[in-house]
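The file model09.cif contains mmCIF, C-alpha atoms (C1' of nucleotides):
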data_query
#
loop_
_atom_site.label_atom_id
_atom_site.label_comp_id
_atom_site.auth_asym_id
_atom_site.auth_seq_id
_atom_site.Cartn_x
_atom_site.Cartn_y
_atom_site.Cartn_z
CA MET L 389 46.22 94.05 112.57
CA LYS L 390 42.96 92.17 112.25
CA LEU L 391 40.21 93.96 114.12
CA THR L 392 36.57 93.02 114.41
CA GLU L 393 34.00 95.74 114.02
CA LEU L 394 32.97 95.17 117.64
CA LYS L 395 36.46 95.80 118.93
CA ALA L 396 36.84 98.85 116.73
CA ILE L 397 33.70 100.24 118.33
CA GLN L 398 34.87 99.36 121.84
CA LEU L 399 38.26 100.95 121.23
CA ALA L 400 36.58 104.08 119.88
CA GLU L 401 34.35 104.19 122.97
CA LEU L 402 37.37 103.88 125.24
CA PHE L 403 39.17 106.74 123.54
CA SER L 404 35.93 108.73 123.47
CA ALA L 405 35.93 108.57 127.23
CA LEU L 406 39.22 110.50 127.17
CA SER L 407 38.27 112.80 124.33
CA ASP L 408 37.06 115.75 126.37
CA ALA L 409 39.17 118.27 128.29
CA SER L 410 36.94 118.11 131.38
CA ARG L 411 37.31 114.35 131.60
CA VAL L 412 41.05 114.57 130.99
CA ARG L 413 41.33 117.00 133.88
CA ILE L 414 39.25 114.70 136.08
CA ILE L 415 41.63 111.84 135.29
CA ALA L 416 44.63 114.07 135.99
CA LEU L 417 43.25 114.94 139.44
CA LEU L 418 42.47 111.30 140.21
CA LEU L 419 46.05 110.36 139.36
CA GLU L 420 46.92 111.96 142.70
CA GLY L 421 44.42 109.86 144.60
CA GLU L 422 40.74 109.44 145.21
CA MET L 423 38.50 112.45 145.45
CA GLY L 424 34.86 113.31 146.05
CA VAL L 425 32.56 114.88 143.47
CA GLY L 426 32.43 118.22 145.26
CA SER L 427 36.22 118.54 145.50
CA LEU L 428 36.57 117.68 141.85
CA ALA L 429 33.92 120.22 140.93
CA GLU L 430 35.65 122.91 142.98
CA LYS L 431 39.11 122.27 141.53
CA LEU L 432 37.75 122.05 138.01
CA ASN L 433 35.51 125.06 138.40
CA MET L 434 32.53 123.05 137.19
CA THR L 435 29.14 122.35 138.73
CA GLU L 436 28.75 119.10 140.66
CA SER L 437 26.10 118.09 138.18
CA ALA L 438 28.41 118.45 135.22
CA VAL L 439 31.16 116.52 137.02
CA SER L 440 28.73 113.81 138.03
CA HIS L 441 27.54 113.43 134.44
CA GLN L 442 31.12 113.02 133.26
CA LEU L 443 31.99 110.59 136.04
CA ARG L 444 29.10 108.46 134.96
CA GLY L 445 30.61 108.02 131.50
CA LEU L 446 34.04 107.30 132.95
CA ARG L 447 32.50 104.72 135.28
CA GLN L 448 30.70 103.01 132.42
CA MET L 449 33.98 102.68 130.54
CA HIS L 450 35.61 101.27 133.70
CA LEU L 451 38.11 104.10 133.81
CA VAL L 452 37.11 105.18 137.32
CA ARG L 453 35.43 103.45 140.24
CA ALA L 454 33.24 104.84 142.96
CA ARG L 455 33.41 104.19 146.71
CA LYS L 456 30.54 105.49 148.76
CA ILE L 457 31.04 106.61 152.37
CA GLY L 458 28.03 108.16 154.00
CA ARG L 459 26.66 110.69 151.59
CA ARG L 460 29.99 111.20 149.92
CA VAL L 461 31.23 109.31 146.86
CA PHE L 462 34.96 109.03 146.35
CA TYR L 463 36.22 108.37 142.86
CA SER L 464 39.54 106.82 141.89
CA LEU L 465 41.14 105.43 138.76
CA ASP L 466 39.90 101.93 138.03
CA ASP L 467 43.13 100.35 136.77
CA ASP L 468 46.61 101.24 135.58
CA HIS L 469 45.72 101.26 131.88
CA VAL L 470 44.24 104.68 132.39
CA ALA L 471 47.42 106.17 133.79
CA ARG L 472 49.46 104.54 131.06
CA LEU L 473 47.20 105.80 128.28
CA PHE L 474 47.39 109.21 129.88
CA SER L 475 51.17 109.33 130.05
CA LEU L 476 51.58 107.89 126.55
CA GLY L 477 49.25 110.61 125.30
CA LEU L 478 51.33 113.22 127.08
CA ASP L 479 54.45 111.86 125.40
CA HIS L 480 52.83 112.29 122.03
CA ILE L 481 51.72 115.88 122.47
CA GLN L 482 54.89 116.99 124.25
CA HIS L 483 57.61 115.74 121.96
CA GLY L 484 56.50 117.03 118.54
CA MET G 79 49.55 115.33 138.18
CA LYS G 80 49.61 119.03 137.41
CA LEU G 81 48.08 119.68 134.02
CA THR G 82 47.64 123.00 132.26
CA GLU G 83 44.35 123.68 130.55
CA LEU G 84 46.19 123.78 127.22
CA LYS G 85 47.60 120.31 127.70
CA ALA G 86 44.24 118.98 128.82
CA ILE G 87 42.78 120.27 125.57
CA GLN G 88 45.61 118.83 123.50
CA LEU G 89 45.29 115.44 125.19
CA ALA G 90 41.55 115.48 124.59
CA GLU G 91 42.16 116.31 120.93
CA LEU G 92 44.60 113.45 120.61
CA PHE G 93 42.15 110.94 122.08
CA SER G 94 39.36 112.46 120.00
CA ALA G 95 41.31 111.48 116.93
CA LEU G 96 40.94 107.85 118.03
CA SER G 97 37.37 108.19 119.25
CA ASP G 98 35.58 106.98 116.15
CA ALA G 99 35.29 103.40 114.89
CA SER G 100 36.10 104.39 111.29
CA ARG G 101 39.32 106.07 112.36
CA VAL G 102 40.23 103.16 114.62
CA ARG G 103 39.81 100.80 111.68
CA ILE G 104 41.92 103.06 109.49
CA ILE G 105 44.68 102.96 112.10
CA ALA G 106 44.36 99.18 112.36
CA LEU G 107 44.86 98.82 108.59
CA LEU G 108 47.82 101.20 108.60
CA LEU G 109 49.48 99.13 111.32
CA GLU G 110 50.17 96.62 108.52
CA GLY G 111 51.84 99.21 106.32
CA GLU G 112 51.10 102.18 104.14
CA MET G 113 47.98 102.24 102.01
CA GLY G 114 46.24 104.53 99.51
CA VAL G 115 42.90 106.20 100.06
CA GLY G 116 41.09 103.98 97.56
CA SER G 117 42.37 100.74 99.11
CA LEU G 118 41.40 101.94 102.57
CA ALA G 119 37.95 102.89 101.31
CA GLU G 120 37.47 99.49 99.72
CA LYS G 121 38.56 97.51 102.78
CA LEU G 122 36.51 99.70 105.11
CA ASN G 123 33.47 99.73 102.86
CA MET G 124 33.38 103.50 102.99
CA THR G 125 33.39 106.13 100.25
CA GLU G 126 36.76 107.63 99.34
CA SER G 127 35.39 110.98 100.38
CA ALA G 128 34.55 109.81 103.89
CA VAL G 129 37.96 108.18 104.25
CA SER G 130 39.69 111.29 102.96
CA HIS G 131 37.84 113.45 105.46
CA GLN G 132 38.90 111.18 108.33
CA LEU G 133 42.50 111.03 107.12
CA ARG G 134 42.59 114.79 107.22
CA GLY G 135 41.84 114.78 110.93
CA LEU G 136 44.37 112.07 111.59
CA ARG G 137 46.97 114.03 109.63
CA GLN G 138 46.27 117.18 111.61
CA MET G 139 46.82 115.29 114.86
CA HIS G 140 50.09 113.89 113.44
CA LEU G 141 48.84 110.35 113.78
CA VAL G 142 49.32 109.56 110.08
CA ARG G 143 51.50 111.00 107.38
CA ALA G 144 50.89 111.23 103.65
CA ARG G 145 53.30 110.42 100.82
CA LYS G 146 52.19 111.44 97.39
CA ILE G 147 53.23 109.47 94.32
CA GLY G 148 51.69 110.63 91.09
CA ARG G 149 48.01 111.01 91.72
CA ARG G 150 48.02 108.50 94.53
CA VAL G 151 48.50 109.35 98.20
CA PHE G 152 49.85 106.69 100.50
CA TYR G 153 49.14 107.01 104.18
CA SER G 154 51.11 105.48 107.04
CA LEU G 155 51.30 105.83 110.81
CA ASP G 156 53.26 108.91 111.80
CA ASP G 157 55.07 107.56 114.85
CA ASP G 158 55.07 104.66 117.29
CA HIS G 159 52.94 106.39 119.91
CA VAL G 160 49.93 105.58 117.79
CA ALA G 161 50.60 101.85 117.77
CA ARG G 162 51.30 101.87 121.49
CA LEU G 163 48.13 103.77 122.33
CA PHE G 164 46.26 101.34 120.13
CA SER G 165 47.63 98.22 121.79
CA LEU G 166 47.23 99.66 125.28
CA GLY G 167 43.62 100.41 124.41
CA LEU G 168 43.15 96.84 123.23
CA ASP G 169 44.58 95.58 126.52
CA HIS G 170 42.01 97.58 128.40
CA ILE G 171 38.96 96.40 126.48
CA GLN G 172 40.10 92.78 126.30
CA HIS G 173 41.05 92.04 129.86
CA GLY G 174 37.94 93.05 131.81
"C1'" DT D 830 10.66 114.66 162.50
"C1'" DG D 831 12.47 118.45 159.19
"C1'" DA D 832 16.38 120.90 157.20
"C1'" DA D 833 20.71 120.62 155.24
"C1'" DT D 834 24.28 118.25 152.57
"C1'" DA D 835 26.34 115.24 148.74
"C1'" DG D 836 25.49 113.40 144.80
"C1'" DT D 837 22.56 111.61 140.74
"C1'" DT D 838 19.43 111.96 137.01
"C1'" DG D 839 16.44 113.52 133.00
"C1'" DA D 840 15.04 117.10 129.85
"C1'" DG D 841 16.34 120.64 126.89
"C1'" DC D 842 19.41 123.03 124.04
"C1'" DA D 843 23.62 124.94 121.72
"C1'" DA D 844 27.64 123.31 119.71
"C1'" DG D 845 30.23 119.68 117.53
"C1'" DT D 846 30.83 115.43 114.47
"C1'" DG D 847 30.61 112.06 110.44
"C1'" DT D 848 28.50 111.12 106.47
"C1'" DT D 849 26.81 112.09 101.64
"C1'" DC D 850 26.78 114.64 97.55
"C1'" DA D 851 28.57 117.75 94.32
"C1'" DT D 852 32.44 120.08 92.94
"C1'" DA D 853 37.39 121.05 92.60
"C1'" DT D 854 42.31 119.98 92.03
"C1'" DA D 855 46.16 117.28 90.43
"C1'" DT D 856 48.13 113.88 87.62
"C1'" DT D 857 48.30 110.71 83.79
"C1'" DA D 858 46.76 108.71 79.24
"C1'" DG D 859 45.46 109.27 74.59
"C1'" DC X 4 44.28 119.73 74.02
"C1'" DT X 5 40.35 116.30 76.32
"C1'" DA X 6 39.06 112.39 79.18
"C1'" DA X 7 39.86 109.57 82.95
"C1'" DT X 8 41.67 108.62 87.56
"C1'" DA X 9 42.84 109.54 92.52
"C1'" DT X 10 42.10 112.36 96.08
"C1'" DA X 11 40.52 116.63 98.50
"C1'" DT X 12 37.16 119.88 99.90
"C1'" DG X 13 32.81 122.58 101.20
"C1'" DA X 14 27.98 122.58 102.21
"C1'" DA X 15 24.19 120.38 104.17
"C1'" DC X 16 22.00 117.43 107.33
"C1'" DA X 17 21.20 113.91 110.89
"C1'" DC X 18 23.07 112.52 114.92
"C1'" DT X 19 25.76 113.02 119.14
"C1'" DT X 20 27.70 115.47 123.12
"C1'" DG X 21 28.35 118.43 127.30
"C1'" DC X 22 26.42 121.79 129.64
"C1'" DT X 23 22.58 123.99 132.70
"C1'" DC X 24 18.60 123.73 135.35
"C1'" DA X 25 15.28 121.54 138.11
"C1'" DA X 26 13.93 117.65 140.51
"C1'" DC X 27 15.19 113.62 142.87
"C1'" DT X 28 17.49 110.08 146.27
"C1'" DA X 29 20.28 109.12 150.15
"C1'" DT X 30 22.46 110.38 154.32
"C1'" DT X 31 23.46 113.18 158.40
"C1'" DC X 32 22.41 116.64 161.83
"C1'" DA X 33 19.57 119.20 165.10
#
Structure translated into structure tokens:
Amino acid sequence: MKLTELKAIQLAELFSALSDASRVRIIALLLEGEMGVGSLAEKLNMTESAVSHQLRGLRQMHLVRARKIGRRVFYSLDDDHVARLFSLGLDHIQHG
Amino acid sequence: MKLTELKAIQLAELFSALSDASRVRIIALLLEGEMGVGSLAEKLNMTESAVSHQLRGLRQMHLVRARKIGRRVFYSLDDDHVARLFSLGLDHIQHG
DNA sequence: TGAATAGTTGAGCAAGTGTTCATATATTAG
DNA sequence: CTAATATATGAACACTTGCTCAACTATTCA
């Protein structure tokens, strides 16, 4: 494996985006479909501010995308890599 | 996706293990085969101490395993999940 | 228009992380 | 035995991160 320093940094940033339990739980909820910030906050028992801060990071890493309708913003997973990373990660921690 | 808080934490810990460029580069080198701490340090241009500290975390997450021969310790990837997470991550950052 | 609602943003701070440096352990050589 | 080699470890410190709180924007409702 030959890996440029740039790609090492980008890979680390990608995994960083999934390296927090709150963000993991956000992803898990979005696996079921799109959801607004308030609903996420309620289900996660977090403030909307905290959720919004986390969504910002996920957006910047292109893991989620936002769709604005009126004053609501619905978030959903950006592409299927996210779900696959998620399920591969689950495999790893479940097995042994 | 129903996800217990425990599993969310464990997933986050797994991705945390890959959330640093030094560790990503260690993994990339180990994809080619096992390697000692000194060789890793040389190729990564890091001190042996820093590499050893990082390897400890990777060991604890079961991403690498150690094989001791004399006073040398050879590290290798623990299972294939690591390589798959790595290549899936590369897909994500490369595509767009 | 003004009040309420949904979400975003920046500052501030406590907690966590990665490195360096010094020291410690384990193994081998002489 | 002592000295050298390979790695591990703990403390310290700078840097980063995720939260709260307050203020802000944008939109809808009355």
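You will find CA of Leu89 in chain G at 8.3 Å from CA of Asp408 in chain L.
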Exercise for the section: Tell me which residues the PyMOL selection byres ((chain G) within 10 of (chain L)) grabs here, as a ChimeraX atom specification. Expected result: /G:79-111,139-141,157-160,162-172,174
Please build the interface table for chain X against chain G with a cut-off of 9 Å, listing for each qualifying residue the nearest atom pair and the distance in Å to one decimal; count all atoms listed in the file, order rows by chain and increasing number, and write it as a tab-separated table.
residue	atom	partner	partner_atom	distance
X:DT8	C1'	G:Arg149	CA	8.0
X:DA9	C1'	G:Arg149	CA	5.4
X:DT10	C1'	G:Arg150	CA	7.2
X:DA11	C1'	G:Ser130	CA	7.0
X:DT12	C1'	G:His131	CA	8.5
Practice task
In the coordinates of the file, take the point (18.0, 114.4, 133.7) and a cut-off of 9 Å; then, counting all atoms listed in the file, name each qualifying protein, DNA or RNA residue as a list in words.
Solution key: DT837, DT838, DG839 and DA840 of chain D; DA25 and DA26 of chain X
Residues from the last selection, C-alpha atoms (C1' of nucleotides), saved as an mmCIF file, keeping the file's coordinate frame:
data_model
loop_
_atom_site.group_PDB
_atom_site.id
_atom_site.type_symbol
_atom_site.label_atom_id
_atom_site.label_comp_id
_atom_site.auth_asym_id
_atom_site.auth_seq_id
_atom_site.Cartn_x
_atom_site.Cartn_y
_atom_site.Cartn_z
ATOM 1 C "C1'" DT D 837 22.560 111.610 140.740
ATOM 2 C "C1'" DT D 838 19.430 111.960 137.010
ATOM 3 C "C1'" DG D 839 16.440 113.520 133.000
ATOM 4 C "C1'" DA D 840 15.040 117.100 129.850
ATOM 5 C "C1'" DA X 25 15.280 121.540 138.110
ATOM 6 C "C1'" DA X 26 13.930 117.650 140.510
#
What would chain G look like once superposed on chain L, with the fit done by least squares over all C-alpha atoms paired in order? Give it as an mmCIF file with C-alpha atoms, in the coordinates of the input.
data_model
loop_
_atom_site.group_PDB
_atom_site.id
_atom_site.type_symbol
_atom_site.label_atom_id
_atom_site.label_comp_id
_atom_site.auth_asym_id
_atom_site.auth_seq_id
_atom_site.Cartn_x
_atom_site.Cartn_y
_atom_site.Cartn_z
ATOM 1 C CA MET G 79 46.261 93.971 112.581
ATOM 2 C CA LYS G 80 42.976 92.138 112.208
ATOM 3 C CA LEU G 81 40.251 93.952 114.089
ATOM 4 C CA THR G 82 36.603 92.999 114.399
ATOM 5 C CA GLU G 83 34.020 95.719 114.027
ATOM 6 C CA LEU G 84 33.003 95.143 117.649
ATOM 7 C CA LYS G 85 36.507 95.768 118.911
ATOM 8 C CA ALA G 86 36.865 98.836 116.726
ATOM 9 C CA ILE G 87 33.726 100.209 118.345
ATOM 10 C CA GLN G 88 34.907 99.327 121.838
ATOM 11 C CA LEU G 89 38.296 100.940 121.236
ATOM 12 C CA ALA G 90 36.593 104.051 119.905
ATOM 13 C CA GLU G 91 34.384 104.147 122.998
ATOM 14 C CA LEU G 92 37.396 103.851 125.251
ATOM 15 C CA PHE G 93 39.195 106.738 123.550
ATOM 16 C CA SER G 94 35.951 108.711 123.491
ATOM 17 C CA ALA G 95 35.957 108.559 127.254
ATOM 18 C CA LEU G 96 39.232 110.507 127.184
ATOM 19 C CA SER G 97 38.237 112.810 124.345
ATOM 20 C CA ASP G 98 37.031 115.755 126.383
ATOM 21 C CA ALA G 99 39.150 118.276 128.291
ATOM 22 C CA SER G 100 36.917 118.111 131.386
ATOM 23 C CA ARG G 101 37.293 114.349 131.592
ATOM 24 C CA VAL G 102 41.032 114.567 130.980
ATOM 25 C CA ARG G 103 41.321 117.003 133.873
ATOM 26 C CA ILE G 104 39.245 114.724 136.076
ATOM 27 C CA ILE G 105 41.609 111.856 135.283
ATOM 28 C CA ALA G 106 44.613 114.082 135.974
ATOM 29 C CA LEU G 107 43.253 114.941 139.439
ATOM 30 C CA LEU G 108 42.464 111.304 140.199
ATOM 31 C CA LEU G 109 46.038 110.344 139.335
ATOM 32 C CA GLU G 110 46.922 111.942 142.693
ATOM 33 C CA GLY G 111 44.418 109.836 144.598
ATOM 34 C CA GLU G 112 40.733 109.428 145.209
ATOM 35 C CA MET G 113 38.500 112.467 145.440
ATOM 36 C CA GLY G 114 34.829 113.310 146.022
ATOM 37 C CA VAL G 115 32.540 114.899 143.476
ATOM 38 C CA GLY G 116 32.419 118.237 145.290
ATOM 39 C CA SER G 117 36.211 118.540 145.539
ATOM 40 C CA LEU G 118 36.582 117.687 141.867
ATOM 41 C CA ALA G 119 33.944 120.262 140.968
ATOM 42 C CA GLU G 120 35.690 122.929 143.006
ATOM 43 C CA LYS G 121 39.147 122.276 141.559
ATOM 44 C CA LEU G 122 37.786 122.061 138.019
ATOM 45 C CA ASN G 123 35.548 125.087 138.398
ATOM 46 C CA MET G 124 32.590 123.081 137.187
ATOM 47 C CA THR G 125 29.179 122.421 138.721
ATOM 48 C CA GLU G 126 28.792 119.194 140.689
ATOM 49 C CA SER G 127 26.136 118.174 138.222
ATOM 50 C CA ALA G 128 28.457 118.487 135.237
ATOM 51 C CA VAL G 129 31.182 116.565 137.052
ATOM 52 C CA SER G 130 28.729 113.873 138.086
ATOM 53 C CA HIS G 131 27.548 113.468 134.512
ATOM 54 C CA GLN G 132 31.131 113.049 133.288
ATOM 55 C CA LEU G 133 31.991 110.617 136.080
ATOM 56 C CA ARG G 134 29.093 108.483 134.984
ATOM 57 C CA GLY G 135 30.625 108.040 131.552
ATOM 58 C CA LEU G 136 34.027 107.316 132.995
ATOM 59 C CA ARG G 137 32.481 104.746 135.329
ATOM 60 C CA GLN G 138 30.687 103.039 132.465
ATOM 61 C CA MET G 139 33.966 102.712 130.572
ATOM 62 C CA HIS G 140 35.593 101.278 133.729
ATOM 63 C CA LEU G 141 38.102 104.088 133.835
ATOM 64 C CA VAL G 142 37.110 105.175 137.353
ATOM 65 C CA ARG G 143 35.462 103.428 140.242
ATOM 66 C CA ALA G 144 33.244 104.835 142.969
ATOM 67 C CA ARG G 145 33.402 104.159 146.710
ATOM 68 C CA LYS G 146 30.519 105.451 148.724
ATOM 69 C CA ILE G 147 30.974 106.556 152.324
ATOM 70 C CA GLY G 148 27.918 108.057 153.924
ATOM 71 C CA ARG G 149 26.565 110.591 151.510
ATOM 72 C CA ARG G 150 29.922 111.151 149.893
ATOM 73 C CA VAL G 151 31.207 109.279 146.849
ATOM 74 C CA PHE G 152 34.930 109.002 146.348
ATOM 75 C CA TYR G 153 36.200 108.357 142.867
ATOM 76 C CA SER G 154 39.528 106.819 141.885
ATOM 77 C CA LEU G 155 41.151 105.419 138.758
ATOM 78 C CA ASP G 156 39.913 101.921 138.025
ATOM 79 C CA ASP G 157 43.132 100.359 136.758
ATOM 80 C CA ASP G 158 46.615 101.243 135.553
ATOM 81 C CA HIS G 159 45.729 101.258 131.864
ATOM 82 C CA VAL G 160 44.232 104.678 132.385
ATOM 83 C CA ALA G 161 47.426 106.171 133.775
ATOM 84 C CA ARG G 162 49.474 104.560 131.029
ATOM 85 C CA LEU G 163 47.206 105.808 128.261
ATOM 86 C CA PHE G 164 47.374 109.223 129.857
ATOM 87 C CA SER G 165 51.158 109.359 130.025
ATOM 88 C CA LEU G 166 51.563 107.916 126.537
ATOM 89 C CA GLY G 167 49.215 110.616 125.294
ATOM 90 C CA LEU G 168 51.298 113.252 127.046
ATOM 91 C CA ASP G 169 54.421 111.875 125.370
ATOM 92 C CA HIS G 170 52.800 112.301 122.004
ATOM 93 C CA ILE G 171 51.678 115.897 122.444
ATOM 94 C CA GLN G 172 54.881 117.003 124.164
ATOM 95 C CA HIS G 173 57.546 115.650 121.886
ATOM 96 C CA GLY G 174 56.544 117.020 118.478
#
Exercise for the section: List, as a VMD selection string, every residue that the PyMOL selection byres ((chain D) within 8 of (chain G)) selects in the file provided. Expected result: chain D and resid 847 to 848 855 to 857
Just write the chosen residues, C-alpha atoms (C1' of nucleotides), as a compact mmCIF listing (two decimals), in the frame of the given file.
# COMPACT_ATOMS: atom_id res chain seq x y z
C1' DG D 847 30.61 112.06 110.44
C1' DT D 848 28.50 111.12 106.47
C1' DA D 855 46.16 117.28 90.43
C1' DT D 856 48.13 113.88 87.62
C1' DT D 857 48.30 110.71 83.79
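Here CA of Asp466 in chain L stands at a distance of 28.5 Å from C1' of DT31 in chain X.
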Practice task
Determine the residue set returned by the PyMOL selection byres ((chain X and resi 5) around 12) for the present structure, and present it as a list in words.
Solution key: DA858 and DG859 of chain D; DC4, DA6 and DA7 of chain X
Practice task
Just give me the gap between C1' of DA843 in chain D and C1' of DA14 in chain X in Å, one decimal is fine.
Solution key: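 Computing the Euclidean distance for C1' of DA843 in chain D and C1' of DA14 in chain X yields 20.1 Å.
Ranking L:Leu432, L:Ala471, L:Val439, L:Met423 by their shortest atom-to-atom distance to Ala454 in chain L, with only C-alpha atoms included, puts L:Met423 first.
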Problem - Distance query DT20 in chain X at most 10 Å, only C-alpha atoms (C1' of nucleotides), self and fewer than 4 positions along chain excluded, as a ChimeraX atom specification - result: /L:408 /D:844-846
Completion exercise
One residue among D:DG841, D:DA851, D:DG831, D:DG836 is nearest to DC24 in chain X when using all atoms listed in the file, and that residue is D:DG841
Using all atoms of range 16-33 of chain X listed in the file and a margin of 4 Å per side, can you give the axis-aligned box centre and edge lengths in Å to one decimal, as JSON?
{"center_x": 21.1, "center_y": 116.6, "center_z": 136.2, "size_x": 22.4, "size_y": 22.9, "size_z": 65.8}
